[in-house]
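Peer 1: Next up, start25.txt (compact mmCIF, C-alpha atoms).
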```
# COMPACT_ATOMS: atom_id res chain seq x y z
CA ILE A 1 96.85 98.02 120.91
CA GLY A 2 93.89 99.98 122.22
CA GLN A 3 92.99 101.70 118.95
CA TYR A 4 90.12 100.93 116.61
CA VAL A 5 90.37 100.94 112.84
CA GLN A 6 87.76 103.03 111.07
CA PRO A 7 86.46 102.06 107.60
CA GLY A 8 88.71 103.55 104.91
CA ALA A 9 91.59 104.22 107.31
CA GLN A 10 95.08 103.71 105.89
CA LEU A 11 96.99 101.13 107.88
CA PHE A 12 100.25 100.72 105.95
CA ASN A 13 101.95 101.21 102.59
CA MET A 14 103.47 98.50 100.45
CA ILE A 15 106.43 99.69 98.39
CA SER A 16 108.30 97.60 95.86
CA SER A 17 112.06 98.13 96.01
CA ARG A 18 112.47 96.91 92.43
CA LYS A 19 111.22 100.06 90.69
CA MET A 20 112.15 103.55 91.89
CA TRP A 21 110.17 106.72 91.25
CA VAL A 22 109.91 110.37 92.22
CA ILE A 23 106.86 112.50 92.91
CA ALA A 24 107.10 115.88 91.17
CA ASN A 25 104.73 118.64 92.30
CA PHE A 26 103.95 120.67 89.18
CA LYS A 27 101.84 123.83 89.27
CA GLU A 28 98.38 123.28 87.84
CA THR A 29 99.24 125.85 85.14
CA GLN A 30 102.19 123.69 83.99
CA ILE A 31 100.39 120.39 83.37
CA ASN A 32 98.35 121.29 80.28
CA ASP A 33 100.78 119.54 77.88
CA LEU A 34 101.75 116.67 80.20
CA LYS A 35 100.42 113.14 79.82
CA PRO A 36 101.44 109.65 81.00
CA GLY A 37 104.18 108.08 78.90
CA GLN A 38 106.16 111.26 78.25
CA LYS A 39 109.90 111.19 78.92
CA ALA A 40 111.43 113.32 81.66
CA GLU A 41 114.93 114.30 82.71
CA ILE A 42 115.50 114.14 86.47
CA THR A 43 118.40 116.09 87.99
CA VAL A 44 119.37 115.03 91.54
CA ASP A 45 120.83 117.91 93.58
CA ALA A 46 122.54 115.74 96.21
CA LEU A 47 124.36 113.62 93.64
CA GLY A 48 126.36 116.37 91.96
CA LYS A 49 123.55 117.32 89.57
CA ALA A 50 123.43 113.74 88.25
CA LYS A 51 120.86 113.27 85.48
CA LEU A 52 118.49 110.31 85.24
CA GLU A 53 115.87 109.46 82.63
CA GLY A 54 112.26 108.88 83.64
CA THR A 55 108.73 108.37 82.32
CA LEU A 56 105.53 110.04 83.56
CA LEU A 57 103.34 107.34 85.10
CA SER A 58 100.29 108.96 86.68
CA PHE A 59 98.71 112.15 87.97
CA SER A 60 97.25 112.45 91.45
CA LYS A 61 93.49 112.87 91.59
CA SER A 62 93.91 115.59 94.23
CA THR A 63 96.13 118.60 94.76
CA GLY A 64 98.85 118.52 97.39
CA SER A 65 96.94 120.93 99.65
CA ARG A 66 93.97 118.52 99.86
CA LEU A 67 96.16 115.62 100.98
CA THR A 68 97.79 117.44 103.90
CA LEU A 69 97.05 116.69 107.53
CA LEU A 70 95.64 120.19 108.04
CA PRO A 71 94.38 121.49 104.67
CA PRO A 72 94.28 125.30 104.35
CA ASP A 73 90.92 127.01 104.75
CA ASN A 74 90.80 129.99 102.40
CA ALA A 75 87.27 131.01 103.39
CA THR A 76 88.36 134.31 104.92
CA GLY A 77 86.48 136.61 102.54
CA ASN A 78 89.48 137.11 100.29
CA PHE A 79 88.88 135.46 96.95
CA ILE A 80 92.45 135.21 95.80
CA LYS A 81 93.20 132.51 93.26
CA VAL A 82 96.09 130.39 94.51
CA VAL A 83 97.84 128.10 92.03
CA GLN A 84 97.83 124.54 93.40
CA ARG A 85 100.44 121.80 92.99
CA ILE A 86 99.55 118.49 91.34
CA PRO A 87 101.67 115.45 92.39
CA ILE A 88 102.87 113.48 89.35
CA LYS A 89 104.55 110.07 89.70
CA ILE A 90 107.60 109.61 87.45
CA SER A 91 109.34 106.25 87.19
CA ILE A 92 113.13 106.21 86.95
CA ASP A 93 114.15 104.33 83.80
CA ASP A 94 117.90 104.40 84.45
CA ASN A 95 119.52 101.03 85.23
CA ASP A 96 122.71 102.45 86.81
CA THR A 97 122.49 100.64 90.17
CA THR A 98 125.41 102.64 91.59
CA MET A 99 123.45 105.86 91.11
CA LEU A 100 120.08 104.40 92.16
CA ASN A 101 121.53 102.97 95.39
CA ARG A 102 122.59 106.50 96.37
CA LEU A 103 119.05 107.88 96.13
CA SER A 104 117.16 108.45 99.38
CA VAL A 105 113.63 109.43 100.32
CA GLY A 106 113.25 113.19 100.63
CA MET A 107 116.03 114.23 98.24
CA ASN A 108 115.41 117.28 96.08
CA VAL A 109 115.25 116.83 92.34
CA VAL A 110 114.49 119.05 89.36
CA VAL A 111 112.29 117.51 86.66
CA ASN A 112 112.13 118.61 83.03
CA VAL A 113 109.47 116.94 80.87
CA LYS A 114 109.94 116.66 77.12
CA THR A 115 106.58 117.84 75.74
CA ASN A 116 107.39 117.85 72.00
```
Turn this file's structure into structure tokens for me.
Peer 2:
Amino acid sequence: IGQYVQPGAQLFNMISSRKMWVIANFKETQINDLKPGQKAEITVDALGKAKLEGTLLSFSKSTGSRLTLLPPDNATGNFIKVVQRIPIKISIDDNDTTMLNRLSVGMNVVVNVKTN
């Protein structure tokens, strides 16, 4: 109440609880051999290093630094090349509901993609 919506403003997110995924932030120098459809192994730190299988779904069209609330401004005169992170969505293929029910938003995972 009392606020106006501007064109293009995000109002809410709709998330399906039927399919779970993780967002992995790979360095831009690591994504040369990655493409949608490749298999990945996801290790969940909080679940005793449990391993889950996944599939690469999509690549973000923007780096993580461009999607932040306050993006960095590197126009200080120093022209240092900073490697950016690219968010990649990976679906979890595992059907073990006991393990999937223990996952929470914000957990740390390690992702290994099978490139060969």
Peer 1: Write out as a ChimeraX atom specification the residues lying within 10 Å of Thr29 of chain A, counting all atoms listed in the file and excluding same-chain residues fewer than 6 positions away.
Peer 2: /A:83-86
Peer 1: My list of candidates is A:Thr97, A:Asn32, A:Gln10, A:Asn25. Which is closest to Leu52 of chain A when distances are computed with only C-alpha atoms?
Peer 2: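 Using only C-alpha atoms, Leu52 of chain A sits closest to A:Thr97.
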Peer 1: What gap, in Å, lies between atom CA of Ile90 of chain A and atom CA of Gly37 of chain A?
Peer 2: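 One can read the atom CA of Ile90 of chain A to atom CA of Gly37 of chain A distance as 9.3 Å.
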Peer 1: Within 9 Å of Leu34 of chain A, counting only C-alpha atoms, which residues show up once you throw out same-chain ones fewer than 2 positions away? Write them as a count of residues only, please.
Peer 2: 9
Peer 1: Hey, what's within 9 Å of Met107 of chain A if we count all atoms listed in the file and toss same-chain stuff fewer than 5 positions away? As a ChimeraX atom specification, please?
Peer 2: /A:44-46
